[in-house]
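J.: Dumping the structure here so I can ask a few things about it.
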Amino acid sequence: MFRSIQQTMIISCVGTVLMMAGCSGMEPAPSGKSLYDRLGGRPVITGVTDQFVANVVNDTRINVRFATTDIQKMKGQLVDQVCMVTGGPCKYTGREMKPLHAGMKITDGDFGAFVGDLVAALDQFKVPAQAKNELLGLLGRMKKDIVE
Ligand code: HEM
């Protein structure tokens, strides 16, 4: 039996849509919005990063490591990095994670403390659980380049 041109077009369009959904690497967010937007965009990312870095600077488990760091500059680089990896309109221009942290002998415990300081800041800003967990997942992928 022959299909009409319209039927054939509908079938091939549906096929293309399913294929694109299957091929795209990223899980589409339920709302279709980027993680950057669901976090609250640049204002929230900047506020969270300010609080996060303040937490790190007060965290006696790891703050000695940042004793000679230009904190303002690092804050700006963290904002750009988070903005970029979450799909926002920014470009991270800092150093790559591996060479940057190489030789610092960062342990699992240090990494946990650092992420804990971020979680505290995200909670303070009442970032929704789904967006928070997605961000932590993205940063967790960098762990292999940071912990020695
Ligand atoms: C996912 C986790 C991490 C991310 C995304 C991250 C990201 C960054 C970024 C963007 C910078 C500034 C970049 C630049 O100067 O070009 C930086 C600097 C730095 N990071 Fe990390 N970092 C992470 C984990 C850690 C941990 C766990 C420690 C140690 C406890 C650490 C120690 C440092 C230090 C000491 C600097 C400053 C280096 C300097 O003064 O030149 N980082 N990090």
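Just remember, in the structure tokens the first chain shown is A, the second B, etc., residues are 1-based per chain, and ligands are 1-based in the order shown.
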Tell me, as a PyMOL selection string, which residues lie within 10 Å of stretch 93-105 of chain A, counting only C-alpha atoms; anything in the same chain fewer than 6 positions away does not count.
T.: chain A and resi 65+73-74+76-78+80-81+142-148
J.: Write out, as a PDB file, in the first residue's frame, the residues just selected, with N, CA and C atoms.
T.:
ATOM      1  N   ARG A  65      45.735  27.404  51.873  1.00  0.00           N
ATOM      2  CA  ARG A  65      46.132  27.223  50.469  1.00  0.00           C
ATOM      3  C   ARG A  65      45.912  28.498  49.636  1.00  0.00           C
ATOM      4  N   LYS A  73      40.250  38.312  41.954  1.00  0.00           N
ATOM      5  CA  LYS A  73      40.467  37.800  40.600  1.00  0.00           C
ATOM      6  C   LYS A  73      39.922  36.370  40.494  1.00  0.00           C
ATOM      7  N   MET A  74      40.203  35.554  41.527  1.00  0.00           N
ATOM      8  CA  MET A  74      39.727  34.164  41.496  1.00  0.00           C
ATOM      9  C   MET A  74      38.195  34.118  41.468  1.00  0.00           C
ATOM     10  N   GLY A  76      36.133  36.291  40.147  1.00  0.00           N
ATOM     11  CA  GLY A  76      35.683  36.603  38.790  1.00  0.00           C
ATOM     12  C   GLY A  76      35.854  35.402  37.866  1.00  0.00           C
ATOM     13  N   GLN A  77      36.961  34.682  38.061  1.00  0.00           N
ATOM     14  CA  GLN A  77      37.214  33.522  37.195  1.00  0.00           C
ATOM     15  C   GLN A  77      36.244  32.385  37.510  1.00  0.00           C
ATOM     16  N   LEU A  78      35.919  32.223  38.788  1.00  0.00           N
ATOM     17  CA  LEU A  78      34.946  31.183  39.160  1.00  0.00           C
ATOM     18  C   LEU A  78      33.565  31.500  38.582  1.00  0.00           C
ATOM     19  N   ASP A  80      32.900  33.273  35.870  1.00  0.00           N
ATOM     20  CA  ASP A  80      32.944  33.020  34.421  1.00  0.00           C
ATOM     21  C   ASP A  80      32.901  31.521  34.113  1.00  0.00           C
ATOM     22  N   GLN A  81      33.623  30.748  34.932  1.00  0.00           N
ATOM     23  CA  GLN A  81      33.678  29.308  34.688  1.00  0.00           C
ATOM     24  C   GLN A  81      32.309  28.657  34.907  1.00  0.00           C
ATOM     25  N   MET A 142      35.252  17.444  37.334  1.00  0.00           N
ATOM     26  CA  MET A 142      36.589  18.057  37.283  1.00  0.00           C
ATOM     27  C   MET A 142      37.512  17.475  38.350  1.00  0.00           C
ATOM     28  N   LYS A 143      36.940  16.688  39.260  1.00  0.00           N
ATOM     29  CA  LYS A 143      37.712  16.208  40.421  1.00  0.00           C
ATOM     30  C   LYS A 143      38.988  15.464  40.005  1.00  0.00           C
ATOM     31  N   LYS A 144      38.881  14.655  38.962  1.00  0.00           N
ATOM     32  CA  LYS A 144      40.032  13.840  38.526  1.00  0.00           C
ATOM     33  C   LYS A 144      41.205  14.727  38.079  1.00  0.00           C
ATOM     34  N   ASP A 145      40.924  15.967  37.691  1.00  0.00           N
ATOM     35  CA  ASP A 145      41.990  16.874  37.257  1.00  0.00           C
ATOM     36  C   ASP A 145      42.536  17.728  38.402  1.00  0.00           C
ATOM     37  N   ILE A 146      41.905  17.610  39.576  1.00  0.00           N
ATOM     38  CA  ILE A 146      42.260  18.495  40.683  1.00  0.00           C
ATOM     39  C   ILE A 146      42.882  17.734  41.857  1.00  0.00           C
ATOM     40  N   VAL A 147      42.282  16.580  42.193  1.00  0.00           N
ATOM     41  CA  VAL A 147      42.791  15.794  43.324  1.00  0.00           C
ATOM     42  C   VAL A 147      43.947  14.919  42.855  1.00  0.00           C
ATOM     43  N   GLU A 148      45.028  14.912  43.653  1.00  0.00           N
ATOM     44  CA  GLU A 148      46.192  14.085  43.255  1.00  0.00           C
ATOM     45  C   GLU A 148      46.203  12.799  44.043  1.00  0.00           C
TER      46      GLU A 148
END
J.: What is the distance, in Å and to one decimal place, between atom 35 (C, counted along the ligand's line) of ligand 1 and atom CA of A:Gly87?
T.: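 According to the coordinates, atom 35 (C, counted along the ligand's line) of ligand 1 and atom CA of A:Gly87 are separated by 25.7 Å.
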J.: Please identify all polymer residues within 7 Å of A:Tyr36, counting only C-alpha atoms, omitting same-chain residues fewer than 4 positions from it, and present them as a PDB file with all heavy atoms, in the first residue's frame.
T.:
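Below is the file that was written, result.pdb:
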ATOM      1  N   GLY A  40      19.491  30.983  38.107  1.00  0.00           N
ATOM      2  CA  GLY A  40      19.137  32.381  38.369  1.00  0.00           C
ATOM      3  C   GLY A  40      20.035  33.350  37.620  1.00  0.00           C
ATOM      4  O   GLY A  40      20.046  34.554  37.920  1.00  0.00           O
ATOM      5  N   GLY A  41      20.804  32.819  36.643  1.00  0.00           N
ATOM      6  CA  GLY A  41      21.640  33.688  35.817  1.00  0.00           C
ATOM      7  C   GLY A  41      22.799  34.319  36.579  1.00  0.00           C
ATOM      8  O   GLY A  41      23.122  33.928  37.706  1.00  0.00           O
ATOM      9  N   CYS A  83      29.398  30.137  34.926  1.00  0.00           N
ATOM     10  CA  CYS A  83      28.499  30.675  33.894  1.00  0.00           C
ATOM     11  C   CYS A  83      28.681  29.902  32.588  1.00  0.00           C
ATOM     12  O   CYS A  83      27.708  29.464  31.965  1.00  0.00           O
ATOM     13  CB  CYS A  83      28.804  32.163  33.722  1.00  0.00           C
ATOM     14  SG  CYS A  83      28.012  32.927  32.308  1.00  0.00           S
ATOM     15  N   THR A  86      27.590  26.058  32.628  1.00  0.00           N
ATOM     16  CA  THR A  86      26.154  25.845  32.798  1.00  0.00           C
ATOM     17  C   THR A  86      25.353  26.359  31.592  1.00  0.00           C
ATOM     18  O   THR A  86      24.129  26.357  31.619  1.00  0.00           O
ATOM     19  CB  THR A  86      25.634  26.519  34.091  1.00  0.00           C
ATOM     20  OG1 THR A  86      25.973  27.912  34.050  1.00  0.00           O
ATOM     21  CG2 THR A  86      26.206  25.878  35.329  1.00  0.00           C
ATOM     22  N   GLY A  87      26.070  26.806  30.554  1.00  0.00           N
ATOM     23  CA  GLY A  87      25.382  27.216  29.325  1.00  0.00           C
ATOM     24  C   GLY A  87      25.089  28.706  29.248  1.00  0.00           C
ATOM     25  O   GLY A  87      24.276  29.138  28.435  1.00  0.00           O
ATOM     26  N   GLY A  88      25.755  29.492  30.081  1.00  0.00           N
ATOM     27  CA  GLY A  88      25.542  30.939  30.068  1.00  0.00           C
ATOM     28  C   GLY A  88      26.430  31.645  29.049  1.00  0.00           C
ATOM     29  O   GLY A  88      27.310  31.028  28.447  1.00  0.00           O
TER      30      GLY A  88
END
J.: Hey, can you check how far atom CA of A:Phe125 sits from atom 41 (O, counted along the ligand's line) of ligand 1?
T.: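 These atoms are spaced 27.4 Å apart.
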J.: Between A:Asp59, A:Asp37, A:Asp110, A:Asp50, single out the one closest to ligand 1, counting only C-alpha atoms and all ligand atoms.
T.: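 Distance minimum relative to ligand 1 lands on A:Asp110.
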J.: Which residue gives the smallest distance to ligand 1 among A:Arg141, A:Lys126, A:Lys33, A:Arg42, with only C-alpha atoms and all ligand atoms counted?
T.: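 Of A:Arg141, A:Lys126, A:Lys33, A:Arg42, the one nearest ligand 1, counting only C-alpha atoms and all ligand atoms, is A:Arg141.
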J.: Quick one: everything within 8 Å of A:Val53, counting only C-alpha atoms, minus sequence neighbours fewer than 6 positions away in the same chain. Send it as a list in words.
T.: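 The contact residues come out as Ile71, Lys75 and Asp117 of chain A.
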J.: Between A:Ile106, A:Ala113, A:Val119, A:Val57, which residue has the minimum interatomic distance to A:Leu135, considering only C-alpha atoms?
T.: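 Selected residue with least distance to A:Leu135: A:Val119.
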J.: Record the distance separating atom 11 (C, counted along the ligand's line) of ligand 1 and atom CA of A:Ala131, expressed in Å with one decimal.
T.: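 Interatomic distance, atom 11 (C, counted along the ligand's line) of ligand 1 to atom CA of A:Ala131: 21.9 Å.
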